[in-house]
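Have a look at the structure below, then the notes.
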Amino acid sequence: MNMDKRPIEEGGRCGDCADDSEPRHGEWHGQWIADPRLIRLEPLPVYHREHDKRSLSGHEPTLANQHMLVRKRVRLEKTCREAWMRITADDYYKLYINGSLAGQGPAQSYSHHYYYNQYEISSYLQPGDNVIAVHLYYHGLICRSYSSGDNRQGMIAELWGDGRLLAATDESWRYSRAEEYGEAEIVGYNTQFAENVDLRKRSKGWRTPGFDDSAWPTATVHPQHGHSLVNQPTPTVEVYKRYPSTVRPIEGGVFLDFGTLLTGQVRAVVTGPVGASVEIRYGEELDEQGRVRWKMRCSCVYRDTWILSGEEEELEAYDYKSFRYAEIVAGPQSPQVSLPVSSIAAVVRHYPYPEEACRFESSSSRLNAIWAICANGIRYGTQENYVDCPSREKGQYLGDNTVITHAHAYLSGDLRMYRKALQEFSLLAEEVCPGLMAVAPGHHMQEIADFSLQWPMQLLRYYRMSGDLAFLRSMAPIAEGVIGYFAQYLGEDGLLYSVNGKWNLVDWPDNLRDGYDFNLANGHADGCHNVINSFYYGALEAVKEIRQALGLPADLQELAEFRNSFRERFYREDRRLFADAAESEHCSLHANALPLLFGLAPEKARDSIVALIRRKRLSCGVYMAYFVLKALAAAGEYDLLYELIVSEDLHSWNTMLEEGATACFETWSKELKWNTSLCHPWASSPIPLFIEEIAGLSPLAPGWTFIAFDPHIPDSLEWFRLAIPTPEGEIRLECRAGEVKLVVPDHCAVIRTTQDAGRGSAME
């Protein structure tokens with residue numbers, strides 16, 4: 001494997017984000033500049049309830065997929081000891097200083113809470129002439145990947161050096177539309193556009209100080225841009241090169257294998273006659289002929305076309321893709337194209353991922369491989385925000401985040417993204433729905449009831465892992481609002497009925513619901529069913545614990561009454577199992593795992609439910625598997641939990657490995673869903689489940705000052721080594737030949753919660 005994690009431009013610091021300190025200035029001195037075509041348009045209303053049928057038309061189709069180039073010359077008499085750039089753009093920017101990529105962003109956000117980024121850029125500047133060059137992109141479609149389709153476009157920026165304002169966006173900046181981008185097919189669910197680029201129309205060298213921009217018009221200021229700017233609380237994505245592990249000739253070009261699925265785009269240098277064409281095709285897998293499957297099973301068509309200028313040109317797409325394989329192929333009428341193999345690399349991008357933060361290895365090669373694909377799913381599924389997949393949607397889904405945030409916290413030790421995600425789902429609570437949206441940020445207004453009810457649980461877990469009491473207090477009203485929203489559906493018995501304001505999901509895809517016996521058609525879930533009530537109770541329990549952490553009273557009687565009503569409605573005494581719905585006798589995996597997890601099952605039902613799980617195995621999707629495994633831990637069934645993680649069943653992570661996974665899939669097998677994504681971090685539950693339930697490490701007090709240690713190590717696992725980052729420092733655990741060695745930060749206390757915990761009977 002050949003990997004180069006240097007910045008893209010030698011000597012640069014691409015992707016590094018400034019710390020939280022502000023440059024030495026107060027309010028923004030820059031002005032918002034924008035494409036004059038969009039300035040004259042009123043912002044479109046994009047926020048609405050999913051089932052609100054009002055028309056949202058009005059966006060001009062010709063204004064979608066617009067690239068805009070902006071430049072400003074800055075002359076410096078001497079080198080700056082310290083120089084700061086703060087910048088944002090709607091929808092997205094790439095910032096170049098003197099030709100080098102200095103950063104890109106912002107993270108998707110809403111106009112009333114719009115992120116900007118800060119960079120320390122002194123290393124990019126030089127005495128004499130300097131140029132700030134910004135490549136702006138306006139997507140222009142309603143989707144999950146961008147907060148777009150609303151007629152809001154443009155940018156604002158400031159450059160400060162040694163405490164002085166050196167440049168700020170105003171009417172002296174120059175711009176040009178990037179005319180080389182032609183009409184293109186939409187990829188995924190309005191997610192992005194194929195990039196068909198005519199290099200004959202490119203403003204070559206526009207990023208460098210020597211480019212003559214005198215023919216470019218001066219910028220137009222938009223005084224009513226409507227963005228409320230806030231400092232992005234997370235670093236920007238890191239960007240680096242990765243070279244292909246395999247390059248082989250194919251007819252008309254080359255085939256590339258980068259050895260693992262990744263996120264980014266291919267970069268290459270090409271020379272050919274004027275008007276010759278080159279295609280770059282991307283795929284997550286190969287077809288039956290061993291060629292790149294660029295018409296991907298996840299509903300993305302990954303093919304970009306480049307028309308050459310006759311000069312040596314660098315090919316690199318603007319937007320990113322999810323891929324392992326690529327082909328660079330000259331068009332049938334372009335035989336004279338030259339492509340130096342040494343120029344080919346992937347430009348990889350994702351949220352900063354500290355390789356050594358979490359370390360794991362064991363005697364089980366299968367467990368090691370499962371851990372690796374789950375960790376890769378998290379690595380490449382964490383971009384400017386957590387994404388359900390980095391291909392078809394690129395959206396941050398609330399239910400996916402239950403699993404993703406849990407795994408990412410352990411793998412990275414970085415809780416900033418987790419905190420940001422929680423806040424982002426709260427930002428439309430007042431304006432659109434206190435019951436929360438399923439996707440945030442972005443202008444795709446989707447609602448899923450099961451997901452909304454998990455937000456209080458996510459908030460509580462963030463508090464336990466971080467100890468951030470101030471944030472818990474600020475977000476507690478949102479958690480209360482979720483409960484208040486669903487209260488409108490409570491019947492006389494205190495259970496939820498016909499929750500039709502939001503989709504009742506249960507599991508996805510629908511063929512992995514284990515025959516769940518209830519009509520789940522969006523907007524037509526009439527009646528009373530198990531899963532939504534189980535999640536409601538889980539949310540009630542979470543809010544109770546939040547209130548207790550804040551020193552507020554909690555209504556324990558309400559919880560007891562709900563448990564009684566739940567059992568009366570769904571518990572089938574003759575089988576000691578729970579049915580799917582009030583009028584059903586079908587007892588699915590989903591309808592029993594959740595009551596077992598949340599404490600709704602009577603003690604006498606425990607063995608029957610565990611027996612059902614033992615029989616049905618993971619007859620669910622990878623998302624629900626997280627809850628099934630946690631339910632087994634709640635019942636003390638650690639051997640079965642571990643067995644399911646490493647099993648060879650069709651519904652297992654081993655199936656992903658057998659099908660060539662290098663990142664965890666959207667579902668157990670490529671063939672179990674009609675449009676399976678081959679990178680879906682909601683399948684990463686083995687990581688937090690192993691750490692907390694097998695290795696037995698969890699925060700006993702918020703922030704890890706007190707550490708619970710309760711290992712349940714199976715006999716089949718001969719040894720393992722684990723290191724996890726926490727806010728208090730690194731915890732290391734090693735188990736070998738029945739001996740356990742635990743090393744924790746000096747100021748942390750370990751509470752051994754079980755004295756006879758599997759083979760881990762000794763501890764340091």
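Just remember, in the structure tokens the first chain shown is A, the second B, etc., residues are 1-based per chain, and ligands are 1-based in the order shown.
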For A:Leu641, please output as a PyMOL selection string all residues within 8 Å (counting only C-alpha atoms; exclusion window: fewer than 4 positions along the same chain).
chain A and resi 629+632-633+637+645
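Here the DSSP assignment of strand (DSSP E or B), based on backbone atoms, applies within stretch 628-721 of chain A to Leu697, Ser698, Pro699, Phe706, Ile707, Ala708, Phe709, Trp719, Phe720 and Arg721 of chain A.
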Write a file of the just-selected residues containing N, CA and C atoms, as a CSV table (one decimal), in the first residue's frame.
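Here's the written file part.csv:
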chain,number,residue,atom,x,y,z
A,697,LEU,N,-15.2,-1.6,29.3
A,697,LEU,CA,-14.8,-0.2,29.7
A,697,LEU,C,-15.9,0.8,29.3
A,698,SER,N,-16.3,1.6,30.3
A,698,SER,CA,-17.3,2.7,30.1
A,698,SER,C,-17.1,3.7,31.1
A,699,PRO,N,-17.6,5.0,30.9
A,699,PRO,CA,-17.5,6.0,31.9
A,699,PRO,C,-18.5,5.8,33.0
A,706,PHE,N,-14.3,8.6,36.6
A,706,PHE,CA,-14.4,7.3,37.2
A,706,PHE,C,-14.7,6.3,36.1
A,707,ILE,N,-14.0,5.2,36.0
A,707,ILE,CA,-14.1,4.3,34.9
A,707,ILE,C,-14.7,3.0,35.4
A,708,ALA,N,-15.7,2.6,34.8
A,708,ALA,CA,-16.3,1.2,35.1
A,708,ALA,C,-15.5,0.2,34.3
A,709,PHE,N,-15.2,-0.9,35.0
A,709,PHE,CA,-14.4,-2.0,34.3
A,709,PHE,C,-15.1,-3.3,34.6
A,719,TRP,N,-6.3,-13.6,23.0
A,719,TRP,CA,-5.6,-12.3,23.5
A,719,TRP,C,-6.1,-11.1,22.7
A,720,PHE,N,-6.1,-10.0,23.3
A,720,PHE,CA,-6.3,-8.7,22.6
A,720,PHE,C,-5.6,-7.6,23.3
A,721,ARG,N,-5.3,-6.6,22.5
A,721,ARG,CA,-4.8,-5.3,23.1
A,721,ARG,C,-5.7,-4.2,22.6
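Of the listed residues A:Asn522, A:Ser214, A:Thr208, A:Thr271, the one whose atoms come nearest to A:Pro335 is A:Thr271, with distances taken using only C-alpha atoms.
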Write out as a short mmCIF file (atom, residue, chain, number, x, y, z; two decimals) with all heavy atoms, in the first residue's frame the residues lying within 8 Å of stretch 542-544 of chain A, counting only C-alpha atoms and excluding same-chain residues fewer than 6 positions away.
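So out-v9.cif came out as:
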data_model
loop_
_atom_site.label_atom_id
_atom_site.label_comp_id
_atom_site.auth_asym_id
_atom_site.auth_seq_id
_atom_site.Cartn_x
_atom_site.Cartn_y
_atom_site.Cartn_z
N PRO A 456 -32.60 12.26 22.42
CA PRO A 456 -32.29 12.40 23.85
C PRO A 456 -31.28 11.37 24.34
O PRO A 456 -30.46 11.66 25.21
CB PRO A 456 -33.66 12.21 24.52
CG PRO A 456 -34.66 12.60 23.48
CD PRO A 456 -34.05 12.13 22.19
N MET A 457 -31.31 10.16 23.79
CA MET A 457 -30.35 9.13 24.18
C MET A 457 -28.95 9.53 23.73
O MET A 457 -27.96 9.32 24.45
CB MET A 457 -30.73 7.79 23.57
CG MET A 457 -32.13 7.31 23.87
SD MET A 457 -32.49 5.77 22.97
CE MET A 457 -34.29 5.88 22.84
N LEU A 460 -27.65 12.24 26.07
CA LEU A 460 -27.23 11.70 27.35
C LEU A 460 -25.88 11.00 27.23
O LEU A 460 -25.01 11.16 28.10
CB LEU A 460 -28.30 10.73 27.87
CG LEU A 460 -28.00 10.06 29.22
CD1 LEU A 460 -27.87 11.09 30.33
CD2 LEU A 460 -29.08 9.03 29.56
N ALA A 476 -31.07 20.44 26.99
CA ALA A 476 -32.16 19.73 27.68
C ALA A 476 -33.55 20.17 27.22
O ALA A 476 -34.44 19.32 27.07
CB ALA A 476 -32.01 19.89 29.19
N ALA A 479 -34.57 18.13 24.24
CA ALA A 479 -34.98 16.77 24.61
C ALA A 479 -36.40 16.77 25.17
O ALA A 479 -37.22 15.91 24.85
CB ALA A 479 -34.00 16.18 25.61
N GLU A 480 -36.70 17.75 26.02
CA GLU A 480 -38.06 17.87 26.56
C GLU A 480 -39.06 18.14 25.43
O GLU A 480 -40.19 17.64 25.44
CB GLU A 480 -38.12 18.99 27.59
CG GLU A 480 -37.21 18.84 28.79
CD GLU A 480 -37.82 17.98 29.89
OE1 GLU A 480 -38.93 17.45 29.69
OE2 GLU A 480 -37.17 17.85 30.95
N ALA A 554 -37.80 14.34 38.36
CA ALA A 554 -38.18 13.43 37.27
C ALA A 554 -39.41 12.65 37.69
O ALA A 554 -39.53 12.24 38.85
CB ALA A 554 -37.03 12.49 36.95
N ASP A 555 -40.32 12.43 36.76
CA ASP A 555 -41.58 11.75 37.03
C ASP A 555 -41.40 10.25 36.87
O ASP A 555 -41.54 9.70 35.78
CB ASP A 555 -42.67 12.27 36.08
CG ASP A 555 -44.05 11.76 36.45
OD1 ASP A 555 -44.14 10.86 37.32
OD2 ASP A 555 -45.04 12.25 35.88
N LEU A 556 -41.07 9.56 37.96
CA LEU A 556 -40.87 8.12 37.91
C LEU A 556 -42.19 7.37 37.78
O LEU A 556 -42.23 6.26 37.22
CB LEU A 556 -40.11 7.65 39.16
CG LEU A 556 -38.74 8.31 39.39
CD1 LEU A 556 -38.07 7.72 40.62
CD2 LEU A 556 -37.84 8.15 38.18
#
Taking 5 positions as the minimum chain separation for residues in the same chain, which residues sit within 10 Å of A:His29 when counting only C-alpha atoms? Answer as a compact mmCIF listing (two decimals) with C-alpha atoms, in the first residue's frame.
# COMPACT_ATOMS: atom_id res chain seq x y z
CA ILE A 156 -17.19 36.66 2.69
CA ALA A 157 -13.54 36.69 3.75
CA GLU A 158 -10.91 38.63 5.69
CA LEU A 159 -7.13 38.40 5.81
CA LEU A 165 -6.48 43.95 8.33
CA ALA A 167 -7.77 42.41 2.83
CA ALA A 168 -11.53 42.03 3.13
CA THR A 169 -14.12 41.15 0.53
CA ASP A 170 -15.64 44.20 -1.15
